[in-house]
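Enquirer: Below: one structure in structure tokens.
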Amino acid sequence: MSITFHTNSAEETIELGKKIGALLQEGDIIALQGTLAAGKTTITKGIASALGVTEEITSPTFCLISEYEGKMPLYHMDVYRLEGGEDFINLGVEDFIYGKGVSLIEWSEKVMDELPKKTIILRLEAKEGSTERTITLENWPHAQIL
């Protein structure tokens, strides 16, 4: 199933993230896709809020994986600096993506071959020179529609 949303500000993108996060379950994996500044970390802030994370969410570009505690663990990964799937697997990500939390993977286009078929794809497109976003969810497994 594919669902498309439009947001007009960072605040609206965060609110959409909260709605998505409220429906996530243990073991869900979200492959975040979009260009630089498309809003991947912004929507992650909303998802984290819905999961009860109180720490500030920042892009894990330099540390690769950030782990946050909430109602369930949130694993926020950024694979931008990796060469591909082999580097991703060598990070030991199986413990995260097959664990008891929710995994969010920024720049997931680089590692899609290593992700399970059940992975939810969240694609963000920014309108140039604007705060407007088109956000598409693909492979949404939950009965609830946002």
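Chain labels follow the order of the structure tokens: the first chain is A, the next B, and so on; residue numbering restarts at 1 in every chain, and ligands are counted from 1 in their shown order.
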So that I can check the surroundings of region 8-15 of chain A, please list as a PyMOL selection string every protein, DNA and RNA residue that reaches within 6 Å of it, counting only C-alpha atoms and ignoring chain neighbours fewer than 5 positions away.

Expert: chain A and resi 43+46+131-132

Enquirer: Output N, CA and C atoms of each residue in that selection to a file, as an mmCIF file, in the first residue's frame.

Expert:
```cif
data_model
loop_
_atom_site.group_PDB
_atom_site.id
_atom_site.type_symbol
_atom_site.label_atom_id
_atom_site.label_comp_id
_atom_site.auth_asym_id
_atom_site.auth_seq_id
_atom_site.Cartn_x
_atom_site.Cartn_y
_atom_site.Cartn_z
ATOM 1 N N ILE A 43 11.352 14.467 10.177
ATOM 2 C CA ILE A 43 10.254 13.514 10.393
ATOM 3 C C ILE A 43 10.639 12.504 11.472
ATOM 4 N N GLY A 46 9.550 13.639 14.904
ATOM 5 C CA GLY A 46 8.159 13.342 15.226
ATOM 6 C C GLY A 46 7.947 11.885 15.587
ATOM 7 N N THR A 131 9.395 25.225 2.225
ATOM 8 C CA THR A 131 9.321 24.256 3.319
ATOM 9 C C THR A 131 8.302 23.153 3.021
ATOM 10 N N GLU A 132 7.712 23.174 1.834
ATOM 11 C CA GLU A 132 6.739 22.156 1.441
ATOM 12 C C GLU A 132 7.429 20.818 1.178
#
```

Enquirer: Check which residues of region 27-57 of chain A sit at most 8 Å from region 16-22 of chain A using only C-alpha atoms, and return one row each with the closest pair of atoms and their distance in Å to one decimal, ordered by chain and rising number, as CSV.

Expert:
```
residue,atom,partner,partner_atom,distance
A:Ile43,CA,A:Gly17,CA,4.8
A:Thr44,CA,A:Gly17,CA,6.4
A:Lys45,CA,A:Gly17,CA,7.1
A:Gly46,CA,A:Gly17,CA,4.1
A:Ile47,CA,A:Gly21,CA,4.2
A:Ala48,CA,A:Gly21,CA,6.8
A:Ser49,CA,A:Lys18,CA,6.3
A:Ala50,CA,A:Lys18,CA,4.9
A:Leu51,CA,A:Gly21,CA,6.2
```

Enquirer: Would you export the selected residues with all heavy atoms as a PDB file, in the first residue's frame, please?

Expert:
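And here is the file that came out, out31.pdb:
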```pdb
ATOM      1  N   ILE A  43      11.352  14.467  10.177  1.00  0.00           N
ATOM      2  CA  ILE A  43      10.254  13.514  10.393  1.00  0.00           C
ATOM      3  C   ILE A  43      10.639  12.504  11.472  1.00  0.00           C
ATOM      4  O   ILE A  43       9.790  12.044  12.240  1.00  0.00           O
ATOM      5  CB  ILE A  43       9.799  12.836   9.086  1.00  0.00           C
ATOM      6  CG1 ILE A  43       8.368  12.297   9.267  1.00  0.00           C
ATOM      7  CG2 ILE A  43      10.766  11.755   8.620  1.00  0.00           C
ATOM      8  CD1 ILE A  43       7.612  12.081   7.989  1.00  0.00           C
ATOM      9  N   THR A  44      11.938  12.203  11.579  1.00  0.00           N
ATOM     10  CA  THR A  44      12.417  11.317  12.636  1.00  0.00           C
ATOM     11  C   THR A  44      12.126  11.912  14.010  1.00  0.00           C
ATOM     12  O   THR A  44      11.793  11.184  14.952  1.00  0.00           O
ATOM     13  CB  THR A  44      13.916  11.023  12.460  1.00  0.00           C
ATOM     14  OG1 THR A  44      14.106  10.333  11.216  1.00  0.00           O
ATOM     15  CG2 THR A  44      14.464  10.182  13.594  1.00  0.00           C
ATOM     16  N   LYS A  45      12.233  13.224  14.140  1.00  0.00           N
ATOM     17  CA  LYS A  45      11.925  13.885  15.415  1.00  0.00           C
ATOM     18  C   LYS A  45      10.483  13.599  15.838  1.00  0.00           C
ATOM     19  O   LYS A  45      10.218  13.335  17.012  1.00  0.00           O
ATOM     20  CB  LYS A  45      12.162  15.388  15.309  1.00  0.00           C
ATOM     21  CG  LYS A  45      13.616  15.751  15.206  1.00  0.00           C
ATOM     22  CD  LYS A  45      13.813  17.242  15.036  1.00  0.00           C
ATOM     23  CE  LYS A  45      15.295  17.562  14.902  1.00  0.00           C
ATOM     24  NZ  LYS A  45      15.559  19.005  14.828  1.00  0.00           N
ATOM     25  N   GLY A  46       9.550  13.639  14.904  1.00  0.00           N
ATOM     26  CA  GLY A  46       8.159  13.342  15.226  1.00  0.00           C
ATOM     27  C   GLY A  46       7.947  11.885  15.587  1.00  0.00           C
ATOM     28  O   GLY A  46       7.239  11.562  16.542  1.00  0.00           O
ATOM     29  N   ILE A  47       8.571  10.996  14.829  1.00  0.00           N
ATOM     30  CA  ILE A  47       8.457   9.558  15.114  1.00  0.00           C
ATOM     31  C   ILE A  47       9.006   9.278  16.510  1.00  0.00           C
ATOM     32  O   ILE A  47       8.375   8.577  17.309  1.00  0.00           O
ATOM     33  CB  ILE A  47       9.178   8.734  14.031  1.00  0.00           C
ATOM     34  CG1 ILE A  47       8.434   8.854  12.688  1.00  0.00           C
ATOM     35  CG2 ILE A  47       9.313   7.268  14.459  1.00  0.00           C
ATOM     36  CD1 ILE A  47       9.198   8.298  11.492  1.00  0.00           C
ATOM     37  N   ALA A  48      10.161   9.848  16.810  1.00  0.00           N
ATOM     38  CA  ALA A  48      10.785   9.642  18.128  1.00  0.00           C
ATOM     39  C   ALA A  48       9.882  10.158  19.239  1.00  0.00           C
ATOM     40  O   ALA A  48       9.727   9.506  20.277  1.00  0.00           O
ATOM     41  CB  ALA A  48      12.146  10.332  18.171  1.00  0.00           C
ATOM     42  N   SER A  49       9.280  11.312  19.037  1.00  0.00           N
ATOM     43  CA  SER A  49       8.377  11.876  20.044  1.00  0.00           C
ATOM     44  C   SER A  49       7.228  10.924  20.344  1.00  0.00           C
ATOM     45  O   SER A  49       6.880  10.688  21.500  1.00  0.00           O
ATOM     46  CB  SER A  49       7.852  13.226  19.559  1.00  0.00           C
ATOM     47  OG  SER A  49       6.916  13.750  20.471  1.00  0.00           O
ATOM     48  N   ALA A  50       6.642  10.356  19.291  1.00  0.00           N
ATOM     49  CA  ALA A  50       5.534   9.414  19.481  1.00  0.00           C
ATOM     50  C   ALA A  50       5.969   8.154  20.209  1.00  0.00           C
ATOM     51  O   ALA A  50       5.172   7.515  20.890  1.00  0.00           O
ATOM     52  CB  ALA A  50       4.919   9.044  18.133  1.00  0.00           C
ATOM     53  N   LEU A  51       7.245   7.807  20.089  1.00  0.00           N
ATOM     54  CA  LEU A  51       7.777   6.618  20.767  1.00  0.00           C
ATOM     55  C   LEU A  51       8.252   6.932  22.187  1.00  0.00           C
ATOM     56  O   LEU A  51       8.818   6.075  22.854  1.00  0.00           O
ATOM     57  CB  LEU A  51       8.920   6.009  19.948  1.00  0.00           C
ATOM     58  CG  LEU A  51       8.536   5.441  18.580  1.00  0.00           C
ATOM     59  CD1 LEU A  51       9.767   4.959  17.831  1.00  0.00           C
ATOM     60  CD2 LEU A  51       7.517   4.313  18.716  1.00  0.00           C
TER      61      LEU A  51
END
```

Enquirer: One decimal, in Å: what's the spacing between CA of Leu82 (chain A) and CA of Asp28 (chain A)?

Expert: 22.2 Å

Enquirer: Please provide as a PyMOL selection string all residues within 12 Å of region 93-103 of chain A, with the sequence filter that same-chain residues fewer than 4 positions apart are discarded (counting only C-alpha atoms).

Expert: chain A and resi 20-32+44+47-48+50-51+53+64-79+85-89+108+111+114-116+118-121

Enquirer: Pick from A:Ser130, A:Leu124, A:Arg81, A:Glu138: nearest to Thr41 (chain A), with only C-alpha atoms counted?

Expert: A:Leu124

Enquirer: Using DSSP on the backbone coordinates, identify all residues within chain A classified as alpha helix (DSSP H); present the result as a ChimeraX atom specification.

Expert: /A:10-23,40-50,85-90,94-97

Enquirer: Rank A:Glu125, A:Trp140, A:Gly39, A:Ser2 by their smallest atom-to-atom distance to Thr58 (chain A), using only C-alpha atoms, and report the top residue only.

Expert: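 For Thr58 (chain A), the nearest of the candidates is A:Gly39.
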
Enquirer: Pick out the closest residue to Thr4 (chain A) from this set: A:Asn90, A:Arg133, A:His142, A:Lys117. Count only C-alpha atoms.

Expert: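 Distance minimum relative to Thr4 (chain A) lands on A:Arg133.
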
Enquirer: Work out how far CA of Glu106 (chain A) is from CA of Ala126 (chain A), in Å to one decimal.

Expert: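 Between CA of Ala126 (chain A) and CA of Glu106 (chain A) the gap is 15.4 Å.
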